[in-house]
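Reading through the structure tokens given below for one structure.
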Amino acid sequence: MARSLLALASALPAVMALNNGLALTPQMGWNTWNRFGCGIDEDLIVGSAKALVSNNLTALGYNYVLIDDCWHADSRDPDTGAPVENKDKFPNGIKGVADQIHDLGLKVGIYSSAGTYTCGGKFGSLGFEEIDAKTYASWGIDYLKYDNCYNEGRAGTPPISYERYNNMSRALNETGRPILYSMCNWGEDGPWNFAVDIANSWRISGDIYDNFDRYDVRCPCTDMLDCKLPGFHCAVTRILDFSAPLGQKAGRGHWNDLDMLEVGNGGMTFDEYVTHFSMWALVKSPLILGNDVTDMSDDTKTIITNDAIIAVNQDPNGSPATRVWKRSLPNGGDLQLWSGSLVNNQFVFAVLNTGPSNHTEDISLIDVFTDQGKSFGSGTFTLFDLWQKDDSGKWGKNIGDFQGTVSVTVGSHQTKVYRATPASGAKRALYEL
């Protein structure tokens with residue numbers, strides 16, 4: 001009996017966790033904020049939704065069209081307290097926009113903040129959770145991004161933040177409509193510890209900006225485990241460092257969110273954007289485009305349509321890659337090895353060079369398969385380069401069988417990503433299970 005009760009108790013967190021059936025793999029879509037900020041209207045959003053379809057991005061999984069901040073009227077409905085949209089920007093209302101997006105076979109999301117105001121200075125949802133959730137549901141909303149501005153100081157410990165964000169979680173669930181809940185509290189109070197029970201994803205850091213590795217004092221923390229000011233203007237490599245220890249907290253239905261993608265916004269090189277997209281995919285961050293999808297370069301399309309990288313992100317195993325090691329390079333920067341498991345005895349690993357020069361390294365397969373053990377890592381593996389195309393034009397060129405080591409040359413700010421399949425001899429020893 002005691003063992004049965006213990007087993008029941010250990011199962012309770014999973015049973016009690018948010019179970020809305022959504023985000024079983026990380027959500028994918030497009031958001032207005034990174035490229036357009038407050039400069040949004042109905043035509044932009046519907047036009048972007050149509051561009052997702054015409055560019056065949058929906059077939060790859062980009063299915064959410066997310067209206068970020070500044071959709072609001074100047075104030076709430078004076079009689080009911082319900083949220084009201086800006087009728088100049090949205091003459092057909094948010095419901096009218098949602099209907100058009102749904103007619104395209106897509107889903108629609110909206111934005112608010114767990115504060116008195118949004119980050120753009122519009123009315124927030126603090127104290128209005130129930131009426132806001134009901135209104136969103138009546139509009140046909142499928143997704144809520146919920147920010148952290150003007151929170152009246154209701155933060156500083158996990159229970160305080162949990163209560164504030166759980167109020168909206170409960171309100172959304174009570175509508176009876178499945179609404180993906182994307183918390184955006186910038187990693188404050190460690191949402192990876194408390195949000196698993198209430199949200200489908202949670203931001204882990206301050207806001208991203210379109211830069212690879214520049215330090216900005218407005219993103220001052222060196223890690224997020226004891227960060228007192230998440231800030232903003234966080235470069236890609238800074239956010240990736242923040243994410244390194246947190247993969248253990250993510251899984252099906254609940255994900256670490258490294259923030260929206262900057263691919264195509266012009267602040268990084270092709271190789272830097274490849275690194276950005278690849279590493280967000282490997283650590284199982286939501287893949288939310290933040291560029292102008294109605295006007296994309298061929299390079300941008302190449303990156304965001306790599307279905308082999310997307311398949312890693314959407315792998316049903318739901319296991320984020322983890323950083324095996326990070327080594328300083330002679331000319332500055334570092335070399336990093338990340339590794340993760342996929343379904344059907346498949347694996348993925350990436351070699352990332354943040355330094356200013358090309359670098360060649362013999363990568364130990366025992367290091368790659370450190371979680372599987374030395375016996376497994378000593379086997380032979382067939383490797384597929386996920387940024388090379390095979391003779392048929394598909395991403396994921398077979399580059400051969402390898403045992404022991406594989407020599408990898410990585411350009412400055414470049415990432416090489418490989419899918420690995422055991423070819424022979426890769427078996428786990430009993431003492432390593």
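Letters A, B, ... go to the chains of the structure tokens in the order shown; residues in each chain start at 1; ligands are counted from 1 in the same order.
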Return as a Markdown table the residues of segment 266-285 of chain A lying at most 12 Å from segment 247-251 of chain A, together with the closest atom-to-atom pair for each and the distance in Å to one decimal, counting only C-alpha atoms, with rows in chain order and ascending residue number.
| residue | atom | partner | partner_atom | distance |
| --- | --- | --- | --- | --- |
| A:Trp280 | CA | A:Gly247 | CA | 11.5 |
| A:Leu282 | CA | A:Gly247 | CA | 10.1 |
| A:Val283 | CA | A:Gly247 | CA | 6.7 |
| A:Lys284 | CA | A:Ala250 | CA | 8.1 |
| A:Ser285 | CA | A:Ala250 | CA | 9.2 |
Include N, CA and C atoms and write out the residues we just selected as a PDB file, in the first residue's frame.
ATOM      1  N   TRP A 280      17.999  27.321 -31.719  1.00  0.00           N
ATOM      2  CA  TRP A 280      16.632  27.424 -31.178  1.00  0.00           C
ATOM      3  C   TRP A 280      15.882  26.108 -31.428  1.00  0.00           C
ATOM      4  N   LEU A 282      17.221  23.029 -31.828  1.00  0.00           N
ATOM      5  CA  LEU A 282      17.772  21.913 -31.071  1.00  0.00           C
ATOM      6  C   LEU A 282      17.369  21.936 -29.604  1.00  0.00           C
ATOM      7  N   VAL A 283      17.266  23.133 -29.022  1.00  0.00           N
ATOM      8  CA  VAL A 283      16.911  23.193 -27.599  1.00  0.00           C
ATOM      9  C   VAL A 283      15.400  23.197 -27.404  1.00  0.00           C
ATOM     10  N   LYS A 284      14.668  23.027 -28.504  1.00  0.00           N
ATOM     11  CA  LYS A 284      13.201  22.908 -28.474  1.00  0.00           C
ATOM     12  C   LYS A 284      12.513  24.188 -28.023  1.00  0.00           C
ATOM     13  N   SER A 285      13.062  25.331 -28.459  1.00  0.00           N
ATOM     14  CA  SER A 285      12.342  26.578 -28.280  1.00  0.00           C
ATOM     15  C   SER A 285      11.228  26.666 -29.309  1.00  0.00           C
TER      16      SER A 285
END
- Message: For the strand (DSSP E or B) assignment from backbone DSSP, which residues of segment 140-356 of chain A qualify? Please present them as a PyMOL selection string.
- Response: chain A and resi 143-147+180-183+201-203+208+234+251+254-257+287-289+322-328+334-341+347-353
- Task: Do a neighbour search on segment 353-357 of chain A at 9 Å with only C-alpha atoms, toss out local chain neighbours closer than 6 positions, and write the hits as a ChimeraX atom specification.
- Result: /A:212-213,237,328-336,410-416
Output the selection as a PDB file, in the first residue's frame - N, CA and C atoms for each residue.
ATOM      1  N   PHE A 212      24.322  38.915 -32.978  1.00  0.00           N
ATOM      2  CA  PHE A 212      24.830  37.582 -32.659  1.00  0.00           C
ATOM      3  C   PHE A 212      25.476  37.520 -31.280  1.00  0.00           C
ATOM      4  N   ASP A 213      26.371  38.452 -30.974  1.00  0.00           N
ATOM      5  CA  ASP A 213      27.161  38.263 -29.747  1.00  0.00           C
ATOM      6  C   ASP A 213      27.549  39.544 -29.024  1.00  0.00           C
ATOM      7  N   THR A 237      23.851  34.665 -28.721  1.00  0.00           N
ATOM      8  CA  THR A 237      24.721  33.777 -27.950  1.00  0.00           C
ATOM      9  C   THR A 237      24.501  33.933 -26.450  1.00  0.00           C
ATOM     10  N   SER A 328      37.195  27.423 -24.758  1.00  0.00           N
ATOM     11  CA  SER A 328      37.720  28.684 -25.277  1.00  0.00           C
ATOM     12  C   SER A 328      38.616  28.437 -26.478  1.00  0.00           C
ATOM     13  N   LEU A 329      38.558  29.329 -27.459  1.00  0.00           N
ATOM     14  CA  LEU A 329      39.384  29.238 -28.658  1.00  0.00           C
ATOM     15  C   LEU A 329      40.539  30.236 -28.577  1.00  0.00           C
ATOM     16  N   PRO A 330      41.676  29.943 -29.231  1.00  0.00           N
ATOM     17  CA  PRO A 330      42.874  30.787 -29.099  1.00  0.00           C
ATOM     18  C   PRO A 330      42.651  32.242 -29.499  1.00  0.00           C
ATOM     19  N   ASN A 331      41.832  32.477 -30.512  1.00  0.00           N
ATOM     20  CA  ASN A 331      41.632  33.836 -31.022  1.00  0.00           C
ATOM     21  C   ASN A 331      40.381  34.513 -30.468  1.00  0.00           C
ATOM     22  N   GLY A 332      39.801  33.932 -29.416  1.00  0.00           N
ATOM     23  CA  GLY A 332      38.592  34.497 -28.822  1.00  0.00           C
ATOM     24  C   GLY A 332      37.369  33.669 -29.158  1.00  0.00           C
ATOM     25  N   GLY A 333      36.335  33.864 -28.410  1.00  0.00           N
ATOM     26  CA  GLY A 333      35.129  33.065 -28.609  1.00  0.00           C
ATOM     27  C   GLY A 333      35.306  31.665 -28.077  1.00  0.00           C
ATOM     28  N   ASP A 334      34.397  30.786 -28.438  1.00  0.00           N
ATOM     29  CA  ASP A 334      34.466  29.421 -27.933  1.00  0.00           C
ATOM     30  C   ASP A 334      33.883  28.445 -28.940  1.00  0.00           C
ATOM     31  N   LEU A 335      34.197  27.190 -28.716  1.00  0.00           N
ATOM     32  CA  LEU A 335      33.625  26.083 -29.481  1.00  0.00           C
ATOM     33  C   LEU A 335      32.722  25.317 -28.540  1.00  0.00           C
ATOM     34  N   GLN A 336      31.520  24.976 -29.028  1.00  0.00           N
ATOM     35  CA  GLN A 336      30.545  24.297 -28.183  1.00  0.00           C
ATOM     36  C   GLN A 336      30.056  23.026 -28.871  1.00  0.00           C
ATOM     37  N   VAL A 410      34.417  24.329 -38.691  1.00  0.00           N
ATOM     38  CA  VAL A 410      33.309  25.244 -38.459  1.00  0.00           C
ATOM     39  C   VAL A 410      33.799  26.668 -38.674  1.00  0.00           C
ATOM     40  N   GLY A 411      33.126  27.401 -39.567  1.00  0.00           N
ATOM     41  CA  GLY A 411      33.490  28.778 -39.817  1.00  0.00           C
ATOM     42  C   GLY A 411      33.136  29.681 -38.647  1.00  0.00           C
ATOM     43  N   SER A 412      33.630  30.904 -38.711  1.00  0.00           N
ATOM     44  CA  SER A 412      33.321  31.886 -37.684  1.00  0.00           C
ATOM     45  C   SER A 412      31.819  32.089 -37.582  1.00  0.00           C
ATOM     46  N   HIS A 413      31.285  31.939 -36.370  1.00  0.00           N
ATOM     47  CA  HIS A 413      29.864  32.134 -36.057  1.00  0.00           C
ATOM     48  C   HIS A 413      28.964  31.130 -36.772  1.00  0.00           C
ATOM     49  N   GLN A 414      29.563  30.031 -37.155  1.00  0.00           N
ATOM     50  CA  GLN A 414      28.827  29.003 -37.887  1.00  0.00           C
ATOM     51  C   GLN A 414      28.483  27.845 -36.961  1.00  0.00           C
ATOM     52  N   THR A 415      27.463  27.089 -37.340  1.00  0.00           N
ATOM     53  CA  THR A 415      27.080  25.863 -36.631  1.00  0.00           C
ATOM     54  C   THR A 415      26.903  24.746 -37.638  1.00  0.00           C
ATOM     55  N   LYS A 416      27.477  23.599 -37.346  1.00  0.00           N
ATOM     56  CA  LYS A 416      27.253  22.381 -38.120  1.00  0.00           C
ATOM     57  C   LYS A 416      26.326  21.478 -37.303  1.00  0.00           C
TER      58      LYS A 416
END
Show me, as CSV, the residues of segment 154-234 of chain A having an atom within 12 Å of segment 118-124 of chain A, each with the closest atom pair and its distance in Å, using only C-alpha atoms.
residue,atom,partner,partner_atom,distance
A:Met168,CA,A:Gly124,CA,11.8
A:Cys184,CA,A:Cys119,CA,11.2
A:Asn185,CA,A:Cys119,CA,11.6
A:Asp207,CA,A:Cys119,CA,11.7
- Task: Work out how far apart atom CA of Gln388 of chain A and atom CA of Leu240 of chain A are and give it in Å to one decimal.
- Result: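 Those two atoms sit 23.6 Å apart.
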- Query: Which residue gives the smallest distance to Ala171 of chain A among A:Ala23, A:Ile110, A:Ala137, A:Leu386, with only C-alpha atoms counted?
  - Reply: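 Of the candidates, the smallest distance to Ala171 of chain A is held by A:Ala137.
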- Message: Using only C-alpha atoms, which protein or nucleic acid residues come within 7 Å of Pro178 of chain A? Drop anything in the same chain fewer than 2 positions from it, and give the result as a VMD selection string.
- Response: chain A and resid 20 142 176 180
- Top pick for closest residue to Trp202 of chain A, considering A:Pro26, A:Ser364, A:Asn265, A:Lys374 and counting only C-alpha atoms: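 Residue with the minimum atom-to-atom distance to Trp202 of chain A: A:Pro26.
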- Who sits within 9 Å of Gln314 of chain A, only C-alpha atoms, same chain under 6 positions skipped, as a VMD selection string: chain A and resid 24 to 27 61 281 284
